[in-house]
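The next block is run-v3.csv, given as CSV, C-alpha atoms.
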chain,number,residue,atom,x,y,z
A,1,MET,CA,-19.0,-8.5,0.9
A,2,LYS,CA,-21.4,-11.3,0.8
A,3,LYS,CA,-20.8,-13.9,3.5
A,4,ALA,CA,-20.7,-17.6,2.6
A,5,PRO,CA,-23.6,-19.6,4.2
A,6,THR,CA,-22.6,-21.4,7.4
A,7,SER,CA,-23.3,-24.8,5.9
A,8,LYS,CA,-20.8,-24.2,3.1
A,9,LEU,CA,-18.2,-23.0,5.6
A,10,PHE,CA,-18.8,-26.1,7.6
A,11,THR,CA,-18.5,-28.4,4.6
A,12,PHE,CA,-15.3,-26.6,3.5
A,13,GLY,CA,-13.8,-27.1,6.9
A,14,ILE,CA,-14.6,-30.8,7.0
A,15,LEU,CA,-13.1,-31.3,3.5
A,16,PHE,CA,-10.0,-29.4,4.5
A,17,LEU,CA,-9.6,-31.4,7.6
A,18,PHE,CA,-10.0,-34.7,5.7
A,19,SER,CA,-7.4,-33.5,3.2
A,20,ILE,CA,-4.9,-32.9,6.0
A,21,ILE,CA,-5.6,-36.3,7.5
A,22,HIS,CA,-5.2,-38.0,4.1
A,23,CYS,CA,-1.9,-36.2,3.4
A,24,GLN,CA,-0.6,-37.3,6.8
A,25,ALA,CA,-1.7,-40.9,6.2
A,26,GLN,CA,0.0,-40.9,2.8
A,27,ARG,CA,3.3,-39.5,4.1
A,28,LYS,CA,6.1,-40.8,2.0
A,29,MET,CA,9.2,-41.6,4.1
A,30,ILE,CA,12.6,-41.2,2.7
A,31,THR,CA,14.8,-44.3,2.6
A,32,PRO,CA,18.5,-43.6,2.9
A,33,GLU,CA,20.7,-45.2,0.3
A,34,PHE,CA,21.7,-48.8,1.3
A,35,LEU,CA,25.3,-49.7,1.7
A,36,HIS,CA,27.6,-51.5,-0.8
A,37,LYS,CA,31.0,-53.1,-0.3
A,38,GLY,CA,33.6,-50.5,-0.3
A,39,ASP,CA,31.4,-47.9,1.5
A,40,THR,CA,32.4,-46.2,4.7
A,41,ILE,CA,30.5,-46.3,7.9
A,42,GLY,CA,31.3,-44.0,10.9
A,43,ILE,CA,31.3,-45.1,14.5
A,44,LEU,CA,30.8,-42.4,17.2
A,45,ALA,CA,29.4,-41.8,20.6
A,46,THR,CA,26.5,-39.5,21.1
A,47,ALA,CA,26.1,-40.4,24.8
A,48,ARG,CA,28.3,-42.5,27.2
A,49,LYS,CA,32.1,-42.8,26.9
A,50,ILE,CA,33.8,-45.7,25.3
A,51,ASP,CA,37.4,-46.6,24.3
A,52,LEU,CA,38.7,-47.7,21.0
A,53,ALA,CA,39.8,-51.1,22.2
A,54,THR,CA,36.2,-52.1,23.1
A,55,LEU,CA,35.2,-51.3,19.5
A,56,GLN,CA,37.6,-53.7,17.8
A,57,PRO,CA,35.1,-56.5,17.4
A,58,ALA,CA,32.6,-54.1,15.7
A,59,ILE,CA,35.4,-52.8,13.4
A,60,LYS,CA,36.4,-56.3,12.4
A,61,LEU,CA,32.7,-57.2,11.8
A,62,LEU,CA,32.2,-54.3,9.4
A,63,GLU,CA,35.4,-54.9,7.6
A,64,SER,CA,34.4,-58.6,7.1
A,65,TRP,CA,31.4,-57.2,5.3
A,66,GLY,CA,33.6,-55.2,2.9
A,67,LEU,CA,33.0,-51.9,4.6
A,68,HIS,CA,35.5,-49.2,5.6
A,69,VAL,CA,35.3,-47.7,9.1
A,70,GLU,CA,35.9,-44.2,10.2
A,71,ILE,CA,36.2,-43.7,14.0
A,72,GLY,CA,34.7,-40.5,15.5
A,73,LYS,CA,36.6,-38.0,17.5
A,74,THR,CA,34.4,-38.9,20.5
A,75,ILE,CA,35.8,-42.4,20.9
A,76,GLY,CA,38.2,-42.4,23.8
A,77,LYS,CA,37.1,-39.0,25.0
A,78,GLU,CA,35.7,-38.5,28.5
A,79,ASP,CA,33.6,-36.0,30.4
A,80,HIS,CA,32.6,-37.9,33.5
A,81,GLN,CA,30.0,-40.4,32.1
A,82,LEU,CA,29.9,-38.8,28.7
A,83,ALA,CA,32.1,-39.2,25.6
A,84,GLY,CA,33.3,-35.7,25.8
A,85,PRO,CA,31.4,-32.4,26.5
A,86,ASP,CA,28.2,-31.7,24.6
A,87,TRP,CA,29.8,-29.4,22.0
A,88,MET,CA,32.3,-32.1,21.1
A,89,ARG,CA,29.7,-34.9,20.7
A,90,ALA,CA,27.5,-32.5,18.7
A,91,THR,CA,30.5,-31.5,16.5
A,92,ASP,CA,31.5,-35.1,15.9
A,93,PHE,CA,28.0,-36.0,14.8
A,94,GLN,CA,27.7,-32.9,12.7
A,95,GLU,CA,30.9,-33.6,10.8
A,96,MET,CA,29.9,-37.2,10.1
A,97,ILE,CA,26.4,-36.4,8.8
A,98,ASP,CA,27.9,-33.7,6.6
A,99,ASN,CA,30.7,-35.9,5.3
A,100,PRO,CA,29.7,-37.3,1.9
A,101,LYS,CA,32.2,-40.1,2.1
A,102,ILE,CA,30.4,-41.6,5.2
A,103,LYS,CA,27.3,-43.6,4.1
A,104,ALA,CA,26.0,-44.6,7.5
A,105,ILE,CA,26.6,-43.7,11.2
A,106,TRP,CA,26.6,-46.4,13.9
A,107,GLY,CA,26.2,-45.5,17.6
A,108,ALA,CA,29.0,-46.8,19.7
A,109,LYS,CA,27.2,-47.0,23.0
A,110,GLY,CA,23.9,-45.9,24.7
A,111,GLY,CA,23.5,-44.6,28.2
A,112,TYR,CA,22.3,-41.1,28.3
A,113,GLY,CA,23.3,-37.9,26.6
A,114,THR,CA,21.9,-37.8,23.0
A,115,VAL,CA,19.1,-35.4,24.0
A,116,ARG,CA,21.7,-32.9,25.2
A,117,ILE,CA,23.1,-32.5,21.7
A,118,ILE,CA,20.1,-32.9,19.4
A,119,ASP,CA,19.2,-29.2,19.3
A,120,ARG,CA,22.8,-28.3,18.4
A,121,ILE,CA,22.7,-30.3,15.1
A,122,ASP,CA,22.0,-28.7,11.7
A,123,PHE,CA,20.3,-31.3,9.6
A,124,THR,CA,20.1,-29.1,6.4
A,125,LYS,CA,22.7,-31.1,4.4
A,126,PHE,CA,21.5,-34.4,5.9
A,127,LYS,CA,17.9,-33.8,4.7
A,128,GLN,CA,19.2,-33.3,1.2
A,129,LYS,CA,21.0,-36.6,1.2
A,130,PRO,CA,20.1,-38.7,4.2
A,131,LYS,CA,22.3,-41.6,5.4
A,132,TRP,CA,21.5,-44.4,7.8
A,133,ILE,CA,21.6,-43.6,11.5
A,134,ALA,CA,21.9,-46.9,13.4
A,135,GLY,CA,21.7,-47.8,17.1
A,136,PHE,CA,19.0,-48.1,19.8
A,137,SER,CA,18.3,-47.2,23.4
A,138,ASP,CA,19.4,-43.6,24.0
A,139,MET,CA,19.5,-43.1,20.2
A,140,THR,CA,15.7,-43.2,20.3
A,141,VAL,CA,16.0,-39.4,20.4
A,142,LEU,CA,17.6,-39.4,17.0
A,143,HIS,CA,15.1,-42.0,15.6
A,144,SER,CA,12.2,-39.9,16.7
A,145,HIS,CA,13.7,-36.6,15.7
A,146,LEU,CA,14.5,-37.8,12.2
A,147,ASN,CA,11.1,-39.6,11.8
A,148,ASN,CA,9.5,-36.1,12.1
A,149,MET,CA,11.7,-35.1,9.1
A,150,GLY,CA,10.3,-38.0,7.2
A,151,ILE,CA,13.5,-40.0,7.2
A,152,GLU,CA,13.9,-43.8,8.0
A,153,THR,CA,16.4,-44.9,10.6
A,154,LEU,CA,17.8,-48.2,11.8
A,155,HIS,CA,16.9,-49.5,15.2
A,156,SER,CA,19.8,-51.9,15.7
A,157,MET,CA,22.5,-53.1,18.1
A,158,MET,CA,25.2,-50.7,19.2
A,159,ALA,CA,28.8,-51.2,18.1
A,160,ILE,CA,29.7,-52.2,21.7
A,161,SER,CA,27.4,-55.2,21.3
A,162,ALA,CA,29.2,-56.8,18.3
A,163,GLU,CA,31.3,-59.2,20.2
A,164,LYS,CA,28.5,-60.9,22.2
A,165,ALA,CA,25.5,-60.4,19.9
A,166,ALA,CA,23.5,-63.4,18.7
A,167,PRO,CA,24.1,-64.5,15.1
A,168,GLU,CA,20.6,-63.6,14.2
A,169,THR,CA,21.3,-60.0,15.5
A,170,LEU,CA,24.4,-59.7,13.3
A,171,GLU,CA,22.7,-61.0,10.2
A,172,SER,CA,19.6,-58.8,10.6
A,173,PHE,CA,21.9,-55.7,11.0
A,174,ARG,CA,23.8,-56.7,7.8
A,175,LYS,CA,20.6,-57.3,5.9
A,176,ALA,CA,19.2,-53.9,7.0
A,177,LEU,CA,22.4,-52.0,6.0
A,178,PHE,CA,22.6,-53.7,2.6
A,179,GLY,CA,18.9,-53.5,1.8
A,180,GLU,CA,18.1,-57.2,1.9
A,181,LYS,CA,14.7,-58.4,2.9
A,182,LEU,CA,13.8,-58.3,6.6
A,183,GLU,CA,11.1,-60.8,7.8
A,184,TYR,CA,10.7,-62.2,11.3
A,185,HIS,CA,8.8,-65.2,12.5
A,186,ILE,CA,8.6,-65.2,16.2
A,187,PRO,CA,7.2,-67.9,18.5
A,188,THR,CA,3.9,-67.1,20.0
A,189,HIS,CA,3.6,-65.6,23.5
A,190,PRO,CA,0.7,-66.3,25.9
A,191,PHE,CA,-0.1,-62.5,26.1
A,192,ASN,CA,-0.2,-62.0,22.3
A,193,LYS,CA,-3.3,-60.5,20.9
A,194,LYS,CA,-4.2,-62.0,17.6
A,195,GLY,CA,-4.9,-60.0,14.4
A,196,THR,CA,-3.3,-58.4,11.4
A,197,ALA,CA,-2.1,-54.9,10.8
A,198,LYS,CA,-0.1,-52.8,8.3
A,199,GLY,CA,1.5,-49.5,9.0
A,200,GLU,CA,4.6,-47.4,9.7
A,201,ILE,CA,6.7,-48.7,12.6
A,202,VAL,CA,7.9,-46.2,15.1
A,203,GLY,CA,9.2,-46.1,18.6
A,204,GLY,CA,12.2,-47.4,20.6
A,205,ASN,CA,13.1,-47.1,24.2
A,206,LEU,CA,10.1,-46.5,26.3
A,207,SER,CA,11.9,-44.3,28.9
A,208,VAL,CA,13.3,-42.1,26.1
A,209,LEU,CA,10.0,-41.8,24.3
A,210,TYR,CA,8.4,-40.8,27.6
A,211,SER,CA,11.2,-38.2,28.2
A,212,ILE,CA,10.7,-36.4,24.8
A,213,MET,CA,7.0,-36.1,25.1
A,214,GLY,CA,6.0,-32.5,24.4
A,215,SER,CA,9.3,-31.7,22.6
A,216,LYS,CA,9.8,-31.2,18.9
A,217,SER,CA,11.4,-34.7,18.8
A,218,GLU,CA,8.1,-36.3,19.9
A,219,ILE,CA,6.7,-38.6,17.2
A,220,ASP,CA,3.2,-38.8,15.9
A,221,TYR,CA,1.7,-42.1,16.9
A,222,LYS,CA,-1.6,-42.0,15.0
A,223,GLY,CA,-2.0,-44.8,12.5
A,224,LYS,CA,1.4,-46.3,13.4
A,225,ILE,CA,2.7,-49.6,14.7
A,226,LEU,CA,4.5,-48.8,18.0
A,227,PHE,CA,7.6,-50.7,19.1
A,228,ILE,CA,8.8,-50.4,22.7
A,229,GLU,CA,11.6,-51.9,24.9
A,230,ASP,CA,13.4,-50.9,28.1
A,231,LEU,CA,16.1,-51.7,30.5
A,232,ASP,CA,16.8,-51.4,34.2
A,233,GLU,CA,13.7,-49.5,35.3
A,234,TYR,CA,11.6,-49.9,38.4
A,235,LEU,CA,8.4,-51.8,37.6
A,236,TYR,CA,6.2,-49.0,38.9
A,237,HIS,CA,8.1,-46.7,36.5
A,238,ILE,CA,6.9,-48.9,33.6
A,239,ASP,CA,3.4,-48.6,34.9
A,240,ARG,CA,3.7,-44.8,35.3
A,241,MET,CA,5.0,-44.4,31.7
A,242,MET,CA,2.4,-46.7,30.2
A,243,MET,CA,-0.4,-45.0,32.1
A,244,ASN,CA,0.8,-41.6,31.0
A,245,LEU,CA,0.8,-42.6,27.3
A,246,LYS,CA,-2.7,-44.1,27.8
A,247,ARG,CA,-4.2,-41.1,29.5
A,248,ASN,CA,-2.8,-38.8,26.8
A,249,GLY,CA,-4.4,-40.8,24.0
A,250,TYR,CA,-1.2,-42.1,22.5
A,251,PHE,CA,-2.6,-45.6,22.1
A,252,ASP,CA,-6.0,-44.6,20.8
A,253,GLY,CA,-5.0,-44.4,17.1
A,254,LEU,CA,-2.4,-47.2,16.9
A,255,LYS,CA,-2.6,-50.1,14.5
A,256,ALA,CA,-0.5,-52.5,16.6
A,257,VAL,CA,2.0,-52.7,19.4
A,258,ILE,CA,5.3,-54.7,19.4
A,259,VAL,CA,6.8,-55.2,22.8
A,260,GLY,CA,10.5,-56.0,22.8
A,261,GLY,CA,12.9,-56.9,25.6
A,262,MET,CA,11.9,-55.6,29.1
A,263,THR,CA,15.2,-56.4,30.7
A,264,SER,CA,16.7,-56.4,34.2
A,265,MET,CA,13.8,-54.7,35.9
A,266,ASN,CA,13.9,-53.6,39.5
A,267,ASP,CA,11.3,-53.8,42.2
A,268,ASN,CA,10.7,-52.2,45.6
A,269,ASP,CA,10.8,-53.8,49.0
A,270,ILE,CA,7.1,-54.1,48.8
A,271,PRO,CA,6.7,-55.8,45.4
A,272,TRP,CA,4.6,-54.1,42.6
A,273,GLY,CA,2.9,-57.4,42.0
A,274,LYS,CA,3.4,-57.7,38.2
A,275,ASP,CA,6.4,-58.1,35.9
A,276,ALA,CA,6.9,-55.6,33.0
A,277,LEU,CA,5.0,-57.7,30.4
A,278,GLU,CA,2.1,-58.1,32.8
A,279,ILE,CA,2.0,-54.4,33.5
A,280,ILE,CA,1.9,-53.6,29.7
A,281,GLN,CA,-0.7,-56.3,29.2
A,282,ASP,CA,-2.9,-54.7,31.9
A,283,VAL,CA,-2.7,-51.2,30.4
A,284,LEU,CA,-3.4,-52.4,26.9
A,285,LYS,CA,-6.0,-55.1,27.6
A,286,ASP,CA,-9.0,-53.0,26.4
A,287,TYR,CA,-7.5,-52.1,23.0
A,288,LYS,CA,-8.5,-54.0,19.9
A,289,PHE,CA,-5.3,-53.8,17.9
A,290,PRO,CA,-2.9,-56.8,17.7
A,291,ILE,CA,0.0,-57.0,20.1
A,292,ILE,CA,3.2,-59.0,19.9
A,293,TYR,CA,5.0,-59.6,23.2
A,294,ASN,CA,8.6,-60.7,23.7
A,295,PHE,CA,9.8,-59.6,20.3
A,296,PRO,CA,13.6,-60.1,20.0
A,297,ALA,CA,14.7,-56.5,20.0
A,298,GLY,CA,16.1,-54.3,22.8
A,299,HIS,CA,18.7,-54.8,25.6
A,300,ILE,CA,19.0,-58.5,24.9
A,301,LYS,CA,21.5,-60.7,23.2
A,302,ASP,CA,19.2,-61.3,20.3
A,303,ASN,CA,18.5,-57.7,19.2
A,304,ARG,CA,17.0,-57.8,15.7
A,305,ALA,CA,17.2,-54.8,13.4
A,306,LEU,CA,14.1,-52.8,12.7
A,307,ILE,CA,13.8,-50.1,10.1
A,308,LEU,CA,11.9,-47.3,11.8
A,309,GLY,CA,9.7,-45.3,9.5
A,310,LYS,CA,9.3,-48.3,7.2
A,311,THR,CA,5.9,-49.8,6.5
A,312,VAL,CA,5.5,-53.3,8.0
A,313,SER,CA,2.8,-55.9,8.0
A,314,ILE,CA,2.2,-58.1,11.0
A,315,ASP,CA,0.2,-61.3,11.5
A,316,VAL,CA,-0.3,-62.5,15.0
A,317,ASN,CA,-1.9,-66.0,15.1
A,318,ASP,CA,-2.0,-69.1,17.3
A,319,LYS,CA,1.3,-70.4,16.0
A,320,GLU,CA,3.6,-67.4,15.6
A,321,ALA,CA,3.9,-63.6,15.1
A,322,VAL,CA,5.1,-62.5,11.7
A,323,VAL,CA,6.7,-59.1,11.0
A,324,LYS,CA,7.4,-58.3,7.3
A,325,PHE,CA,9.1,-55.1,6.1
A,326,GLU,CA,8.1,-53.8,2.7
As structure tokens, please, write out the structure in this file.
Amino acid sequence: MKKAPTSKLFTFGILFLFSIIHCQAQRKMITPEFLHKGDTIGILATARKIDLATLQPAIKLLESWGLHVEIGKTIGKEDHQLAGPDWMRATDFQEMIDNPKIKAIWGAKGGYGTVRIIDRIDFTKFKQKPKWIAGFSDMTVLHSHLNNMGIETLHSMMAISAEKAAPETLESFRKALFGEKLEYHIPTHPFNKKGTAKGEIVGGNLSVLYSIMGSKSEIDYKGKILFIEDLDEYLYHIDRMMMNLKRNGYFDGLKAVIVGGMTSMNDNDIPWGKDALEIIQDVLKDYKFPIIYNFPAGHIKDNRALILGKTVSIDVNDKEAVVKFE
């Protein structure tokens, strides 16, 4: 059999590589069906325990929007810190994603525990007819896992936050659920790096993103706009996580970074010397992409909704930072 010349093989390889890159860049994300009045939204706990009484403000909020509410079997259950044992939380989530009557699932509370059930879930039916998965913090595991399936998710407040959330938070959550336009104009921050960018927004809680690195839930950062936020971490932990992402090349192919709330950080007896935003600024200072600091999303009262997996355009200028969802 006659061998192809080396140059032809090389050319074929290059063309094949570019075709793969092009296909990845053109990945079409699936947008779950937006809600309408009369639809049903489920509330469950994938992580920390919570009782039904605490969720009454969230239930009333959804009902005021014309939605019906179904409460998961995990609400009121207890296994030390968790809302029931792993099998129970996994079963509750499985039943809700497979139930055609339920159009969206809203996480009751964060904490820790979602990663313990993610590999128990069968997403076969869900992929055939996706529904909105809403929440943040520990639910970053679900956001990332579903992003790898090409499905958009909703980074939003948890149900426990409904009573004390800012009006802007509530309205952004409602708009996101019902498919209304999301556009944010944020006051400028001294650390902002000016510029424009357009791309798919991904991310969530920095500690969770760090914890799923190397797993099948890890997201592909290349060509994306990365959003990060965190809570109750030691400052040197923030530096360690950011340095790890930098050394592993996760920032190299980004189009932009959006930094949300870095809330209630801890320090050692000998201070680290920088706050969380200063740490992030120091790690990202040599990158050319635009950066938005102090974006209102995360463990803060004003926690605006973000549709992860959706294409957004950002404009960071002297007066403000603008984030528009397509």
Determine, counting all atoms listed in the file, which protein, DNA and RNA residues have an atom within 9 Å of an atom of His143 of chain A; residues of the same chain fewer than 2 positions away are not included. Present the result as a compact mmCIF listing (two decimals) with C-alpha atoms, in the frame of the given file.
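Once written, around.txt looks like this:
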# COMPACT_ATOMS: atom_id res chain seq x y z
CA ILE A 133 21.60 -43.60 11.50
CA ALA A 134 21.90 -46.90 13.40
CA GLY A 135 21.70 -47.80 17.10
CA PHE A 136 19.00 -48.10 19.80
CA MET A 139 19.50 -43.10 20.20
CA THR A 140 15.70 -43.20 20.30
CA VAL A 141 16.00 -39.40 20.40
CA HIS A 145 13.70 -36.60 15.70
CA LEU A 146 14.50 -37.80 12.20
CA ASN A 147 11.10 -39.60 11.80
CA ASN A 148 9.50 -36.10 12.10
CA ILE A 151 13.50 -40.00 7.20
CA GLU A 152 13.90 -43.80 8.00
CA THR A 153 16.40 -44.90 10.60
CA LEU A 154 17.80 -48.20 11.80
CA HIS A 155 16.90 -49.50 15.20
CA VAL A 202 7.90 -46.20 15.10
CA GLY A 203 9.20 -46.10 18.60
CA GLY A 204 12.20 -47.40 20.60
CA SER A 217 11.40 -34.70 18.80
CA LEU A 308 11.90 -47.30 11.80
CA GLY A 309 9.70 -45.30 9.50
| query | Using all atoms listed in the file, which residues sit within 8 Å of segment 112-115 of chain A once same-chain residues fewer than 5 positions away are excluded, as a PyMOL selection string? | reply | chain A and resi 46-48+82+138-139+141-142
Please, could you write that set of residues out with C-alpha atoms as a compact mmCIF listing (two decimals), keeping the file's coordinate frame?
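So again.txt came out as:
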# COMPACT_ATOMS: atom_id res chain seq x y z
CA THR A 46 26.50 -39.50 21.10
CA ALA A 47 26.10 -40.40 24.80
CA ARG A 48 28.30 -42.50 27.20
CA LEU A 82 29.90 -38.80 28.70
CA ASP A 138 19.40 -43.60 24.00
CA MET A 139 19.50 -43.10 20.20
CA VAL A 141 16.00 -39.40 20.40
CA LEU A 142 17.60 -39.40 17.00
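With all atoms listed in the file taken into account, every residue lying no more than 12 Å from the file point (22.8, -29.4, 6.6) is included here: Phe93, Gln94, Glu95, Met96, Ile97, Asp98, Asn99, Pro100, Arg120, Ile121, Asp122, Phe123, Thr124, Lys125, Phe126, Lys127, Gln128, Lys129 and Pro130 of chain A.
Put simply, atom CA of Gly260 of chain A is 7.9 Å away from atom CA of Asp230 of chain A.
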| request: Pick out the closest residue to Asp275 of chain A from this set: A:Leu44, A:Glu233, A:Ile258, A:Glu171. Count only C-alpha atoms. | output: A:Glu233
| field | Ala162 of chain A surroundings by all atoms listed in the file, 10 Å radius, close-in-sequence under 2 positions cut, as a list in words | value | Thr54, Leu55, Gln56, Pro57, Ala58, Ile59, Lys60, Leu61, Leu62, Met157, Met158, Ala159, Ile160, Lys164, Ala165, Ala166, Pro167, Thr169, Leu170 and Lys301 of chain A
| remark: As a check of understanding: the span from atom CA of Ile30 of chain A to atom CA of Trp106 of chain A is 18.7 Å
| said: Between A:Ala276, A:Met213, A:Ile102, A:Met88, which residue has the minimum interatomic distance to Arg116 of chain A, considering all atoms listed in the file? | reply: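 Closest to Arg116 of chain A of all the choices is A:Met88.
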| field | Polymer residues at most 9 Å from Ile71 of chain A, only C-alpha atoms, same-chain spacing of 5 or more positions, as number ranges by chain | value | A: 41-44, 52
| Å distance separating atom CA of Ala305 of chain A from atom CA of Ala176 of chain A, one decimal place | 6.8 Å
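Distance check against Pro290 of chain A using only C-alpha atoms: of A:Phe173, A:Phe191, A:Tyr210, A:Tyr234, the minimum falls on A:Phe191.
You can rank A:Ala108, A:Ile50, A:Val257, A:Leu35 by their closest distance to Leu284 of chain A using only C-alpha atoms, and at the top of that list sits A:Val257.
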| Protein/DNA/RNA residues near (5.3, -55.3, 5.0), cut 10 Å, only C-alpha atoms, as a PyMOL selection string | chain A and resi 182-183+197-200+310-314+322-326
| task | Could you tell me which of A:Glu163, A:Asp39, A:Asp79, A:Asp119 comes closest to Ala53 of chain A if we count only C-alpha atoms? | result |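 Checking each candidate against Ala53 of chain A, we get A:Glu163 as the closest.
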| Of the listed residues A:Ile118, A:Met243, A:Ala45, A:Ala321, that which approaches His189 of chain A most closely, counting all atoms listed in the file | A:Ala321
| task | Might you pull out every residue within 9 Å of Phe295 of chain A, with all atoms listed in the file counted and same-chain residues fewer than 3 positions away left off, and present them as a PyMOL selection string? | result | chain A and resi 186-187+258-261+292+298+303-304+321
